[in-house]
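Visitor: If it helps, the file is called coords_15.txt and holds compact mmCIF, C-alpha atoms:
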```txt
# COMPACT_ATOMS: atom_id res chain seq x y z
CA MET A 1 40.60 133.69 153.30
CA ASP A 2 39.95 130.01 153.65
CA GLN A 3 40.99 128.04 156.69
CA ARG A 4 42.11 124.41 156.43
CA LYS A 5 40.07 122.03 158.55
CA GLY A 6 41.72 121.26 161.85
CA ARG A 7 44.90 123.15 161.00
CA GLY A 8 44.04 126.71 161.95
CA ALA A 9 46.58 127.96 159.40
CA VAL A 10 45.72 130.16 156.46
CA MET A 11 45.93 128.59 153.00
CA ALA A 12 47.98 130.32 150.35
CA THR A 13 45.83 131.98 147.72
CA GLY A 14 46.45 132.48 144.04
CA SER A 15 48.59 130.43 141.73
CA VAL A 16 52.26 129.77 142.35
CA SER A 17 54.55 129.80 139.31
CA LEU A 18 56.92 126.92 138.61
CA THR A 19 59.91 129.15 139.30
CA LYS A 20 58.50 130.33 142.62
CA ALA A 21 57.56 126.79 143.73
CA MET A 22 61.04 125.50 142.90
CA TRP A 23 62.73 128.47 144.60
CA ARG A 24 60.64 127.97 147.73
CA GLY A 25 61.61 124.30 147.69
CA PHE A 26 65.27 125.21 147.15
CA LEU A 27 65.06 127.35 150.30
CA GLY A 28 63.47 124.43 152.20
CA LYS A 29 60.06 126.10 152.43
CA CYS A 30 56.61 124.85 151.50
CA PRO A 31 55.98 125.36 147.75
CA ASN A 32 52.38 126.37 148.49
CA CYS A 33 52.75 129.09 151.12
CA GLY A 34 56.50 129.70 151.28
CA GLU A 35 56.33 129.85 155.08
CA GLY A 36 56.31 126.32 156.49
CA HIS A 37 59.29 123.99 156.57
CA MET A 38 59.54 121.31 153.89
CA PHE A 39 62.01 119.07 155.72
CA GLY A 40 61.58 117.33 159.06
CA ARG A 41 65.17 116.08 158.98
CA PHE A 42 68.09 116.58 156.61
CA LEU A 43 66.56 114.78 153.61
CA LYS A 44 63.22 113.64 155.07
CA VAL A 45 60.36 115.64 153.56
CA ALA A 46 57.67 116.44 156.13
CA ASP A 47 54.29 114.78 155.62
CA SER A 48 52.62 118.20 155.46
CA CYS A 49 53.46 121.87 155.79
CA ASP A 50 53.49 123.04 159.40
CA HIS A 51 52.04 126.41 158.33
CA CYS A 52 49.35 125.82 155.67
CA GLY A 53 48.82 122.06 155.99
CA GLU A 54 49.63 121.28 152.32
CA GLU A 55 50.37 117.58 151.94
CA LEU A 56 53.97 116.95 150.88
CA PHE A 57 54.27 113.20 151.45
CA HIS A 58 53.38 112.50 147.81
CA GLN A 59 56.86 113.47 146.62
CA ARG A 60 58.96 110.91 144.76
CA ALA A 61 62.29 112.67 144.32
CA ASP A 62 64.19 109.36 144.75
CA ASP A 63 67.75 109.56 143.36
CA PHE A 64 67.23 112.47 140.97
CA PRO A 65 68.51 115.18 143.38
CA ALA A 66 71.65 113.16 144.11
CA TYR A 67 72.24 112.68 140.38
CA LEU A 68 71.88 116.42 139.73
CA VAL A 69 74.24 117.24 142.61
CA MET A 70 76.85 114.81 141.26
CA VAL A 71 76.62 116.39 137.81
CA VAL A 72 76.91 119.97 139.12
CA VAL A 73 79.67 119.30 141.66
CA GLY A 74 81.56 117.14 139.16
CA HIS A 75 81.44 119.87 136.55
CA LEU A 76 82.79 122.38 139.07
CA VAL A 77 85.41 120.30 140.88
CA VAL A 78 86.98 118.33 138.00
CA PRO A 79 87.96 121.42 135.95
CA ALA A 80 89.33 123.02 139.13
CA ILE A 81 91.40 119.90 139.87
CA LEU A 82 92.75 119.87 136.30
CA ALA A 83 93.56 123.59 136.39
CA VAL A 84 95.46 123.27 139.70
CA GLU A 85 97.28 120.17 138.46
CA THR A 86 98.27 121.89 135.23
CA ALA A 87 99.39 125.14 136.85
CA TYR A 88 101.06 123.90 140.05
CA ALA A 89 101.42 120.07 139.94
CA PRO A 90 100.99 119.62 143.72
CA ALA A 91 101.59 116.30 145.45
CA VAL A 92 98.82 113.72 145.26
CA TRP A 93 98.30 113.77 149.03
CA LEU A 94 97.73 117.54 148.90
CA GLN A 95 95.26 117.17 146.03
CA LEU A 96 93.34 114.54 148.02
CA ALA A 97 93.48 116.61 151.22
CA VAL A 98 91.94 119.58 149.42
CA TRP A 99 89.55 118.17 146.83
CA LEU A 100 87.91 115.34 148.78
CA PRO A 101 86.56 117.67 151.51
CA VAL A 102 85.59 120.29 148.91
CA THR A 103 83.63 117.65 146.99
CA LEU A 104 82.02 116.26 150.14
CA PHE A 105 80.93 119.63 151.54
CA ALA A 106 79.72 120.94 148.19
CA SER A 107 77.65 117.78 147.69
CA LEU A 108 76.15 117.92 151.16
CA ALA A 109 75.43 121.64 150.86
CA LEU A 110 73.55 121.21 147.57
CA LEU A 111 71.68 117.97 148.30
CA GLN A 112 68.82 119.31 150.44
CA PRO A 113 68.18 122.45 148.34
CA THR A 114 68.17 120.35 145.16
CA LYS A 115 65.72 117.87 146.66
CA GLY A 116 63.52 120.76 147.78
CA ALA A 117 63.51 122.22 144.29
CA ILE A 118 62.54 118.83 142.80
CA VAL A 119 59.69 118.48 145.31
CA GLY A 120 58.58 122.02 144.41
CA LEU A 121 58.62 121.04 140.73
CA GLN A 122 56.56 117.92 141.40
CA TRP A 123 54.10 119.89 143.53
CA GLN A 124 53.59 122.67 140.98
CA ILE A 125 53.07 120.46 137.92
CA GLY A 126 50.96 117.93 139.84
CA MET A 127 53.16 114.85 139.59
CA HIS A 128 52.39 111.65 141.51
CA GLY A 129 49.90 112.30 144.33
CA PHE A 130 50.08 116.08 143.93
CA GLU A 131 47.59 116.09 141.04
CA ALA A 132 44.55 116.33 143.35
CA GLY A 133 45.99 119.43 145.03
CA LYS A 134 46.82 120.98 141.66
CA LEU A 135 43.27 120.40 140.42
CA ARG A 136 41.92 121.92 143.65
CA ARG A 137 44.19 124.99 143.27
CA GLU A 138 43.19 125.43 139.63
CA ALA A 139 39.49 125.22 140.54
CA VAL A 140 39.84 127.79 143.33
CA ALA A 141 42.05 130.28 141.40
CA PRO A 142 39.28 131.63 139.07
CA LEU A 143 36.99 132.09 142.08
CA LEU A 144 39.69 134.09 143.85
CA VAL A 145 40.18 136.31 140.80
CA LYS A 146 36.44 137.01 140.60
CA ALA A 147 36.27 137.77 144.32
CA ASN A 148 39.25 140.13 144.08
CA THR A 149 37.82 142.01 141.08
CA ARG A 150 34.43 142.43 142.80
CA ALA A 151 36.06 143.73 145.96
CA ALA A 152 38.08 146.35 144.04
```
Reformat the file's structure so that it appears as structure tokens.
Guide:
Amino acid sequence: MDQRKGRGAVMATGSVSLTKAMWRGFLGKCPNCGEGHMFGRFLKVADSCDHCGEELFHQRADDFPAYLVMVVVGHLVVPAILAVETAYAPAVWLQLAVWLPVTLFASLALLQPTKGAIVGLQWQIGMHGFEAGKLRREAVAPLLVKANTRAA
């Protein structure tokens, strides 16, 4: 297996599907190797993977993860609010005491995984600065297949 210069960590081999890259990102792991951590802080993507050295600073998730979280949480919380209001008609203060924290915690819980999935998407399809890495992976993949078939 190849070693990255100066990193001492083993590079991931083979191609990573879009689904796998997004799932790894959703879990907060590097989309390349699935081992290293994607985030240095809550929403701050690390410059590179601490395991394989893959560069992650190219990401441009911007406001898209927050928008997706608002759509998902809104579509879950609003029908629940309406159902509770229709069935029980609780006091407004009780509605606020319940639904504001539910909305806040659901949004915070989904924000980092959603951002990770978006970064995984960008990494896998080669968006922004990730295109050089994608071209490198695509050039190496046929060589790995040939090496694996010769070894077998």
Visitor: I need the residue nearest A:Asn32 from this list: A:Phe105, A:Trp99, A:Asp47, A:Leu56. Use only C-alpha atoms for the distance.
Guide: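 Once distances to A:Asn32 are computed over only C-alpha atoms, the minimum belongs to A:Leu56.
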Visitor: Check the smallest atom-to-atom distance from each of A:Val119, A:Val92, A:Leu108, A:Ala61 to A:Cys30 using all atoms listed in the file, then report the winner.
Guide: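 Using all atoms listed in the file, the shortest distance to A:Cys30 belongs to A:Val119.
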Visitor: Which of these, A:Gln59, A:Ser48, A:Ser17, A:Thr86, has the shortest distance to A:Lys115 once you count only C-alpha atoms?
Guide: A:Gln59
Visitor: Atom CA of A:Gly36 and atom CA of A:Cys49 are how many Å apart?
Guide: 5.3 Å
Visitor: Measure the distance from atom CA of A:Ala21 to atom CA of A:Cys33 in Å and round it to one decimal.
Guide: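 Value for the atom CA of A:Ala21-atom CA of A:Cys33 distance: 9.1 Å.
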Visitor: Skipping near chain neighbours, those fewer than 6 positions away, what residues fall within 9 Å of A:Phe130 using only C-alpha atoms, listed as a list in words?
Guide: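 Close residues of A:Phe130: Glu55, Leu56, His58, Gln59, Gln122, Trp123 and Gln124 of chain A.
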Visitor: As an MDAnalysis selection string, please: the residues near A:Met38 (cut-off 6 Å, only C-alpha atoms, same-chain neighbours under 3 positions excluded).
Guide: chainID A and resid 28:30 45:46
Visitor: Which residue is closest to A:Leu100? Choose from A:Gly74, A:Gly126, A:Pro31, A:Gly133 and count only C-alpha atoms.
Guide: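 Ranked by minimum distance to A:Leu100, first place goes to A:Gly74.
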Visitor: Got a sec: who's within 10 Å of A:Gly34, counting all atoms listed in the file, leaving out chain neighbours fewer than 6 positions off, as an MDAnalysis selection string?
Guide: chainID A and resid 12 16 20:21 23:25 27:28 49 51:52
Visitor: List the residues sitting within 8 Å of (74.7, 118.9, 146.3) in the file's frame, using all atoms listed in the file, as a list in words.
Guide: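 I get Pro65, Ala66, Leu68, Val69, Met70, Val72, Val73, Ala106, Ser107, Leu108, Ala109, Leu110, Leu111, Gln112, Pro113 and Thr114 of chain A for the residues within 8 Å of that point.
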Visitor: Dump C-alpha atoms for the selected residues as an mmCIF file, in the frame of the given file?
Guide:
```cif
data_model
loop_
_atom_site.group_PDB
_atom_site.id
_atom_site.type_symbol
_atom_site.label_atom_id
_atom_site.label_comp_id
_atom_site.auth_asym_id
_atom_site.auth_seq_id
_atom_site.Cartn_x
_atom_site.Cartn_y
_atom_site.Cartn_z
ATOM 1 C CA PRO A 65 68.510 115.180 143.380
ATOM 2 C CA ALA A 66 71.650 113.160 144.110
ATOM 3 C CA LEU A 68 71.880 116.420 139.730
ATOM 4 C CA VAL A 69 74.240 117.240 142.610
ATOM 5 C CA MET A 70 76.850 114.810 141.260
ATOM 6 C CA VAL A 72 76.910 119.970 139.120
ATOM 7 C CA VAL A 73 79.670 119.300 141.660
ATOM 8 C CA ALA A 106 79.720 120.940 148.190
ATOM 9 C CA SER A 107 77.650 117.780 147.690
ATOM 10 C CA LEU A 108 76.150 117.920 151.160
ATOM 11 C CA ALA A 109 75.430 121.640 150.860
ATOM 12 C CA LEU A 110 73.550 121.210 147.570
ATOM 13 C CA LEU A 111 71.680 117.970 148.300
ATOM 14 C CA GLN A 112 68.820 119.310 150.440
ATOM 15 C CA PRO A 113 68.180 122.450 148.340
ATOM 16 C CA THR A 114 68.170 120.350 145.160
#
```
Visitor: Quick one: distance from atom CA of A:Gly116 to atom CA of A:Ala80 in Å, one decimal?
Guide: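 Straight-line distance from atom CA of A:Gly116 to atom CA of A:Ala80 works out to 27.3 Å.
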